[in-house]
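Quick look at structure18.cif (mmCIF, N, CA and C atoms):
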```cif
data_protein
loop_
_atom_site.label_atom_id
_atom_site.label_comp_id
_atom_site.auth_asym_id
_atom_site.auth_seq_id
_atom_site.Cartn_x
_atom_site.Cartn_y
_atom_site.Cartn_z
N MET A 24 0.83 -1.17 0.00
CA MET A 24 0.00 0.00 0.00
C MET A 24 0.88 1.24 0.00
N THR A 25 0.59 2.15 -0.88
CA THR A 25 1.29 3.43 -0.91
C THR A 25 0.33 4.50 -0.39
N LEU A 26 0.88 5.61 0.00
CA LEU A 26 0.08 6.71 0.51
C LEU A 26 0.34 7.96 -0.29
N LYS A 27 -0.62 8.86 -0.26
CA LYS A 27 -0.49 10.17 -0.86
C LYS A 27 -1.05 11.17 0.14
N LEU A 28 -0.34 12.27 0.34
CA LEU A 28 -0.87 13.30 1.22
C LEU A 28 -2.13 13.88 0.60
N ARG A 29 -3.12 14.12 1.44
CA ARG A 29 -4.35 14.74 0.99
C ARG A 29 -4.03 16.17 0.54
N THR A 30 -4.77 16.66 -0.43
CA THR A 30 -4.63 18.04 -0.86
C THR A 30 -4.81 18.94 0.36
N GLY A 31 -3.92 19.88 0.54
CA GLY A 31 -3.98 20.77 1.69
C GLY A 31 -3.12 20.32 2.85
N VAL A 32 -2.39 19.22 2.68
CA VAL A 32 -1.47 18.74 3.71
C VAL A 32 -0.06 18.85 3.15
N SER A 33 0.81 19.50 3.90
CA SER A 33 2.20 19.63 3.45
C SER A 33 3.12 18.91 4.43
N CYS A 34 4.29 18.58 3.94
CA CYS A 34 5.27 17.80 4.69
C CYS A 34 6.58 18.58 4.69
N ALA A 35 7.19 18.71 5.86
CA ALA A 35 8.47 19.42 5.95
C ALA A 35 9.42 18.66 6.86
N ASP A 36 10.67 18.58 6.43
CA ASP A 36 11.69 17.97 7.27
C ASP A 36 11.96 18.88 8.46
N THR A 37 12.21 18.26 9.61
CA THR A 37 12.59 18.99 10.81
C THR A 37 13.88 18.39 11.34
N GLU A 38 14.44 19.01 12.37
CA GLU A 38 15.64 18.46 12.98
C GLU A 38 15.37 17.10 13.60
N TYR A 39 14.13 16.87 13.99
CA TYR A 39 13.76 15.66 14.71
C TYR A 39 13.21 14.56 13.80
N GLY A 40 12.59 14.91 12.69
CA GLY A 40 11.96 13.94 11.79
C GLY A 40 11.26 14.68 10.67
N ILE A 41 9.93 14.64 10.68
CA ILE A 41 9.15 15.45 9.74
C ILE A 41 7.92 15.99 10.45
N ALA A 42 7.36 17.05 9.88
CA ALA A 42 6.11 17.61 10.36
C ALA A 42 5.12 17.58 9.22
N LEU A 43 3.89 17.24 9.54
CA LEU A 43 2.80 17.26 8.58
C LEU A 43 1.84 18.36 9.01
N LEU A 44 1.53 19.28 8.10
CA LEU A 44 0.67 20.41 8.40
C LEU A 44 -0.62 20.30 7.59
N ASP A 45 -1.74 20.32 8.29
CA ASP A 45 -3.04 20.39 7.64
C ASP A 45 -3.34 21.87 7.47
N GLU A 46 -3.17 22.37 6.26
CA GLU A 46 -3.32 23.80 5.99
C GLU A 46 -4.75 24.27 6.18
N ASP A 47 -5.72 23.37 6.08
CA ASP A 47 -7.12 23.75 6.26
C ASP A 47 -7.45 24.02 7.72
N SER A 48 -6.97 23.18 8.61
CA SER A 48 -7.30 23.32 10.04
C SER A 48 -6.21 24.03 10.83
N GLY A 49 -5.00 24.09 10.29
CA GLY A 49 -3.87 24.67 11.00
C GLY A 49 -3.21 23.70 11.97
N GLU A 50 -3.71 22.48 12.05
CA GLU A 50 -3.12 21.48 12.94
C GLU A 50 -1.88 20.87 12.28
N TYR A 51 -0.93 20.48 13.13
CA TYR A 51 0.24 19.81 12.60
C TYR A 51 0.62 18.63 13.49
N TRP A 52 1.32 17.70 12.89
CA TRP A 52 1.77 16.49 13.56
C TRP A 52 3.26 16.37 13.35
N GLU A 53 3.98 16.06 14.41
CA GLU A 53 5.42 15.82 14.31
C GLU A 53 5.66 14.32 14.39
N LEU A 54 6.46 13.83 13.47
CA LEU A 54 6.82 12.41 13.47
C LEU A 54 8.29 12.27 13.80
N ASN A 55 8.59 11.33 14.67
CA ASN A 55 9.98 11.07 15.04
C ASN A 55 10.72 10.47 13.84
N PRO A 56 12.03 10.29 13.94
CA PRO A 56 12.79 9.78 12.80
C PRO A 56 12.28 8.45 12.25
N THR A 57 11.82 7.57 13.12
CA THR A 57 11.30 6.28 12.65
C THR A 57 10.01 6.47 11.88
N GLY A 58 9.08 7.26 12.43
CA GLY A 58 7.84 7.55 11.72
C GLY A 58 8.10 8.27 10.41
N ALA A 59 9.07 9.17 10.43
CA ALA A 59 9.43 9.90 9.21
C ALA A 59 9.93 8.95 8.14
N GLN A 60 10.73 7.98 8.54
CA GLN A 60 11.25 7.00 7.57
C GLN A 60 10.10 6.21 6.93
N VAL A 61 9.14 5.81 7.74
CA VAL A 61 7.99 5.07 7.22
C VAL A 61 7.20 5.94 6.24
N VAL A 62 6.90 7.16 6.64
CA VAL A 62 6.11 8.05 5.78
C VAL A 62 6.85 8.34 4.49
N ARG A 63 8.14 8.61 4.56
CA ARG A 63 8.90 8.88 3.33
C ARG A 63 8.86 7.68 2.38
N THR A 64 9.00 6.49 2.93
CA THR A 64 8.95 5.28 2.10
C THR A 64 7.60 5.16 1.41
N LEU A 65 6.53 5.35 2.16
CA LEU A 65 5.19 5.20 1.60
C LEU A 65 4.85 6.30 0.61
N LEU A 66 5.26 7.53 0.90
CA LEU A 66 4.99 8.64 -0.03
C LEU A 66 5.79 8.51 -1.31
N ALA A 67 6.93 7.82 -1.24
CA ALA A 67 7.76 7.61 -2.43
C ALA A 67 7.24 6.44 -3.28
N GLY A 68 6.13 5.85 -2.87
CA GLY A 68 5.56 4.76 -3.65
C GLY A 68 5.87 3.38 -3.10
N GLY A 69 6.58 3.33 -1.98
CA GLY A 69 6.89 2.04 -1.37
C GLY A 69 5.68 1.43 -0.69
N THR A 70 5.75 0.15 -0.48
CA THR A 70 4.66 -0.56 0.19
C THR A 70 4.91 -0.60 1.69
N SER A 71 3.90 -1.00 2.43
CA SER A 71 4.07 -1.13 3.87
C SER A 71 5.11 -2.18 4.20
N GLU A 72 5.20 -3.24 3.40
CA GLU A 72 6.22 -4.27 3.65
C GLU A 72 7.62 -3.73 3.39
N GLU A 73 7.77 -2.84 2.42
CA GLU A 73 9.07 -2.20 2.20
C GLU A 73 9.44 -1.33 3.40
N ALA A 74 8.45 -0.65 3.95
CA ALA A 74 8.71 0.17 5.14
C ALA A 74 9.11 -0.72 6.32
N VAL A 75 8.47 -1.88 6.44
CA VAL A 75 8.83 -2.83 7.50
C VAL A 75 10.28 -3.28 7.33
N ARG A 76 10.66 -3.63 6.11
CA ARG A 76 12.04 -4.07 5.85
C ARG A 76 13.05 -2.97 6.18
N GLU A 77 12.72 -1.74 5.83
CA GLU A 77 13.62 -0.64 6.15
C GLU A 77 13.77 -0.47 7.66
N LEU A 78 12.65 -0.59 8.38
CA LEU A 78 12.72 -0.45 9.83
C LEU A 78 13.53 -1.55 10.48
N THR A 79 13.32 -2.78 10.04
CA THR A 79 14.06 -3.88 10.65
C THR A 79 15.54 -3.81 10.31
N GLY A 80 15.87 -3.20 9.17
CA GLY A 80 17.27 -3.04 8.80
C GLY A 80 17.95 -1.91 9.54
N ALA A 81 17.18 -0.89 9.92
CA ALA A 81 17.77 0.30 10.53
C ALA A 81 17.63 0.33 12.05
N CYS A 82 16.67 -0.41 12.57
CA CYS A 82 16.38 -0.35 14.01
C CYS A 82 16.43 -1.74 14.61
N ASP A 83 16.57 -1.78 15.90
CA ASP A 83 16.57 -3.05 16.62
C ASP A 83 15.12 -3.44 16.92
N VAL A 84 14.43 -3.93 15.89
CA VAL A 84 13.02 -4.31 16.01
C VAL A 84 12.77 -5.53 15.13
N ASP A 85 11.90 -6.41 15.61
CA ASP A 85 11.56 -7.59 14.82
C ASP A 85 10.48 -7.22 13.81
N ALA A 86 10.32 -8.06 12.80
CA ALA A 86 9.40 -7.77 11.70
C ALA A 86 7.96 -7.63 12.17
N GLU A 87 7.53 -8.47 13.09
CA GLU A 87 6.14 -8.41 13.56
C GLU A 87 5.85 -7.08 14.26
N SER A 88 6.76 -6.65 15.12
CA SER A 88 6.58 -5.37 15.82
C SER A 88 6.62 -4.21 14.83
N ALA A 89 7.55 -4.27 13.88
CA ALA A 89 7.65 -3.21 12.87
C ALA A 89 6.37 -3.16 12.03
N ARG A 90 5.84 -4.32 11.67
CA ARG A 90 4.61 -4.38 10.88
C ARG A 90 3.45 -3.73 11.65
N GLU A 91 3.35 -4.03 12.94
CA GLU A 91 2.29 -3.43 13.77
C GLU A 91 2.47 -1.92 13.85
N ASP A 92 3.70 -1.46 14.00
CA ASP A 92 3.97 -0.03 14.08
C ASP A 92 3.64 0.68 12.77
N VAL A 93 4.02 0.08 11.65
CA VAL A 93 3.73 0.67 10.35
C VAL A 93 2.22 0.75 10.15
N GLN A 94 1.52 -0.33 10.44
CA GLN A 94 0.06 -0.34 10.27
C GLN A 94 -0.60 0.68 11.19
N GLY A 95 -0.11 0.77 12.42
CA GLY A 95 -0.67 1.75 13.35
C GLY A 95 -0.47 3.18 12.88
N LEU A 96 0.69 3.47 12.31
CA LEU A 96 0.95 4.81 11.79
C LEU A 96 0.05 5.10 10.60
N ILE A 97 -0.10 4.14 9.70
CA ILE A 97 -0.98 4.33 8.54
C ILE A 97 -2.40 4.61 9.01
N GLU A 98 -2.88 3.85 9.97
CA GLU A 98 -4.24 4.05 10.48
C GLU A 98 -4.39 5.42 11.14
N ALA A 99 -3.37 5.86 11.88
CA ALA A 99 -3.42 7.17 12.53
C ALA A 99 -3.44 8.30 11.49
N LEU A 100 -2.62 8.18 10.46
CA LEU A 100 -2.60 9.19 9.40
C LEU A 100 -3.94 9.22 8.67
N ASP A 101 -4.50 8.05 8.42
CA ASP A 101 -5.78 7.95 7.72
C ASP A 101 -6.91 8.53 8.57
N SER A 102 -6.97 8.15 9.84
CA SER A 102 -8.06 8.63 10.70
C SER A 102 -7.94 10.13 10.97
N SER A 103 -6.75 10.67 10.86
CA SER A 103 -6.55 12.12 11.03
C SER A 103 -6.88 12.89 9.76
N GLY A 104 -7.14 12.17 8.67
CA GLY A 104 -7.48 12.81 7.41
C GLY A 104 -6.31 13.42 6.68
N LEU A 105 -5.11 12.94 6.98
CA LEU A 105 -3.92 13.52 6.37
C LEU A 105 -3.55 12.88 5.04
N VAL A 106 -4.00 11.66 4.80
CA VAL A 106 -3.57 10.92 3.62
C VAL A 106 -4.76 10.35 2.85
N GLU A 107 -4.45 10.00 1.62
CA GLU A 107 -5.37 9.25 0.77
C GLU A 107 -4.68 7.94 0.46
N ARG A 108 -5.46 6.89 0.32
CA ARG A 108 -4.88 5.59 -0.02
C ARG A 108 -5.10 5.31 -1.48
#
```
Would it be possible to restate this file's structure as structure tokens?
Amino acid sequence: MTLKLRTGVSCADTEYGIALLDEDSGEYWELNPTGAQVVRTLLAGGTSEEAVRELTGACDVDAESAREDVQGLIEALDSSGLVER
């Protein structure tokens, strides 16, 4: 599954990770470096499994935990109205 930011949502790199700004509501979300890596992978056209592989390669995490984290982040972004699938 790949993601696309909804129209009106912008993404900016920060010192800590990335920030997502909903220009319509003025709300923003900060993602830590791990969350940023997942979002960058998905926005670049990668699948959730590719994001899992990147996490397990870069972090001390097993595939099952990484898969749960990736899915949880996708669900949070979706329920916040920040992305389109």
Seminar exercise, completed: Shortest contact to A:Leu78, candidates A:Ala59, A:Leu44, A:Leu28, A:Leu66, atoms counted only C-alpha atoms, goes to A:Ala59
For this session: Given the file shown, determine the residues that the PyMOL selection byres ((chain A and resi 108) around 6.5) selects; report them as number ranges by chain.
Result: A: 25-27, 106-107
Residue by residue, what does the PyMOL selection byres ((chain A and resi 52) around 7) grab here? Present the result as a JSON list (two decimals) with N, CA and C atoms, in the coordinates of the input.
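That gives us expr_25.json:
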```json
[["chain", "number", "residue", "atom", "x", "y", "z"],
["A", 41, "ILE", "N", 9.93, 14.64, 10.68],
["A", 41, "ILE", "CA", 9.15, 15.45, 9.74],
["A", 41, "ILE", "C", 7.92, 15.99, 10.45],
["A", 42, "ALA", "N", 7.36, 17.05, 9.88],
["A", 42, "ALA", "CA", 6.11, 17.61, 10.36],
["A", 42, "ALA", "C", 5.12, 17.58, 9.22],
["A", 43, "LEU", "N", 3.89, 17.24, 9.54],
["A", 43, "LEU", "CA", 2.80, 17.26, 8.58],
["A", 43, "LEU", "C", 1.84, 18.36, 9.01],
["A", 44, "LEU", "N", 1.53, 19.28, 8.10],
["A", 44, "LEU", "CA", 0.67, 20.41, 8.40],
["A", 44, "LEU", "C", -0.62, 20.30, 7.59],
["A", 45, "ASP", "N", -1.74, 20.32, 8.29],
["A", 45, "ASP", "CA", -3.04, 20.39, 7.64],
["A", 45, "ASP", "C", -3.34, 21.87, 7.47],
["A", 50, "GLU", "N", -3.71, 22.48, 12.05],
["A", 50, "GLU", "CA", -3.12, 21.48, 12.94],
["A", 50, "GLU", "C", -1.88, 20.87, 12.28],
["A", 51, "TYR", "N", -0.93, 20.48, 13.13],
["A", 51, "TYR", "CA", 0.24, 19.81, 12.60],
["A", 51, "TYR", "C", 0.62, 18.63, 13.49],
["A", 53, "GLU", "N", 3.98, 16.06, 14.41],
["A", 53, "GLU", "CA", 5.42, 15.82, 14.31],
["A", 53, "GLU", "C", 5.66, 14.32, 14.39],
["A", 54, "LEU", "N", 6.46, 13.83, 13.47],
["A", 54, "LEU", "CA", 6.82, 12.41, 13.47],
["A", 54, "LEU", "C", 8.29, 12.27, 13.80]]
```
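Neighbouring residues of stretch 89-102 of chain A at 6.5 Å or closer, counting all atoms listed in the file and skipping chain neighbours under 4 positions away, are A:Val75, A:Thr79, A:Val84, A:Asp85, A:Val106.
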Selection: 8 Å around A:Val61, all atoms listed in the file, excl. self and same-chain fewer than 3 positions, as an mmCIF file with N, CA and C atoms, in the frame of the given file:
```cif
data_model
loop_
_atom_site.group_PDB
_atom_site.id
_atom_site.type_symbol
_atom_site.label_atom_id
_atom_site.label_comp_id
_atom_site.auth_asym_id
_atom_site.auth_seq_id
_atom_site.Cartn_x
_atom_site.Cartn_y
_atom_site.Cartn_z
ATOM 1 N N ASN A 55 8.590 11.330 14.670
ATOM 2 C CA ASN A 55 9.980 11.070 15.040
ATOM 3 C C ASN A 55 10.720 10.470 13.840
ATOM 4 N N PRO A 56 12.030 10.290 13.940
ATOM 5 C CA PRO A 56 12.790 9.780 12.800
ATOM 6 C C PRO A 56 12.280 8.450 12.250
ATOM 7 N N THR A 57 11.820 7.570 13.120
ATOM 8 C CA THR A 57 11.300 6.280 12.650
ATOM 9 C C THR A 57 10.010 6.470 11.880
ATOM 10 N N GLY A 58 9.080 7.260 12.430
ATOM 11 C CA GLY A 58 7.840 7.550 11.720
ATOM 12 C C GLY A 58 8.100 8.270 10.410
ATOM 13 N N THR A 64 9.000 6.490 2.930
ATOM 14 C CA THR A 64 8.950 5.280 2.100
ATOM 15 C C THR A 64 7.600 5.160 1.410
ATOM 16 N N LEU A 65 6.530 5.350 2.160
ATOM 17 C CA LEU A 65 5.190 5.200 1.600
ATOM 18 C C LEU A 65 4.850 6.300 0.610
ATOM 19 N N LEU A 66 5.260 7.530 0.900
ATOM 20 C CA LEU A 66 4.990 8.640 -0.030
ATOM 21 C C LEU A 66 5.790 8.510 -1.310
ATOM 22 N N ALA A 67 6.930 7.820 -1.240
ATOM 23 C CA ALA A 67 7.760 7.610 -2.430
ATOM 24 C C ALA A 67 7.240 6.440 -3.280
ATOM 25 N N GLU A 73 7.770 -2.840 2.420
ATOM 26 C CA GLU A 73 9.070 -2.200 2.200
ATOM 27 C C GLU A 73 9.440 -1.330 3.400
ATOM 28 N N ALA A 74 8.450 -0.650 3.950
ATOM 29 C CA ALA A 74 8.710 0.170 5.140
ATOM 30 C C ALA A 74 9.110 -0.720 6.320
ATOM 31 N N VAL A 75 8.470 -1.880 6.440
ATOM 32 C CA VAL A 75 8.830 -2.830 7.500
ATOM 33 C C VAL A 75 10.280 -3.280 7.330
ATOM 34 N N GLU A 77 12.720 -1.740 5.830
ATOM 35 C CA GLU A 77 13.620 -0.640 6.150
ATOM 36 C C GLU A 77 13.770 -0.470 7.660
ATOM 37 N N LEU A 78 12.650 -0.590 8.380
ATOM 38 C CA LEU A 78 12.720 -0.450 9.830
ATOM 39 C C LEU A 78 13.530 -1.550 10.480
ATOM 40 N N VAL A 93 4.020 0.080 11.650
ATOM 41 C CA VAL A 93 3.730 0.670 10.350
ATOM 42 C C VAL A 93 2.220 0.750 10.150
#
```
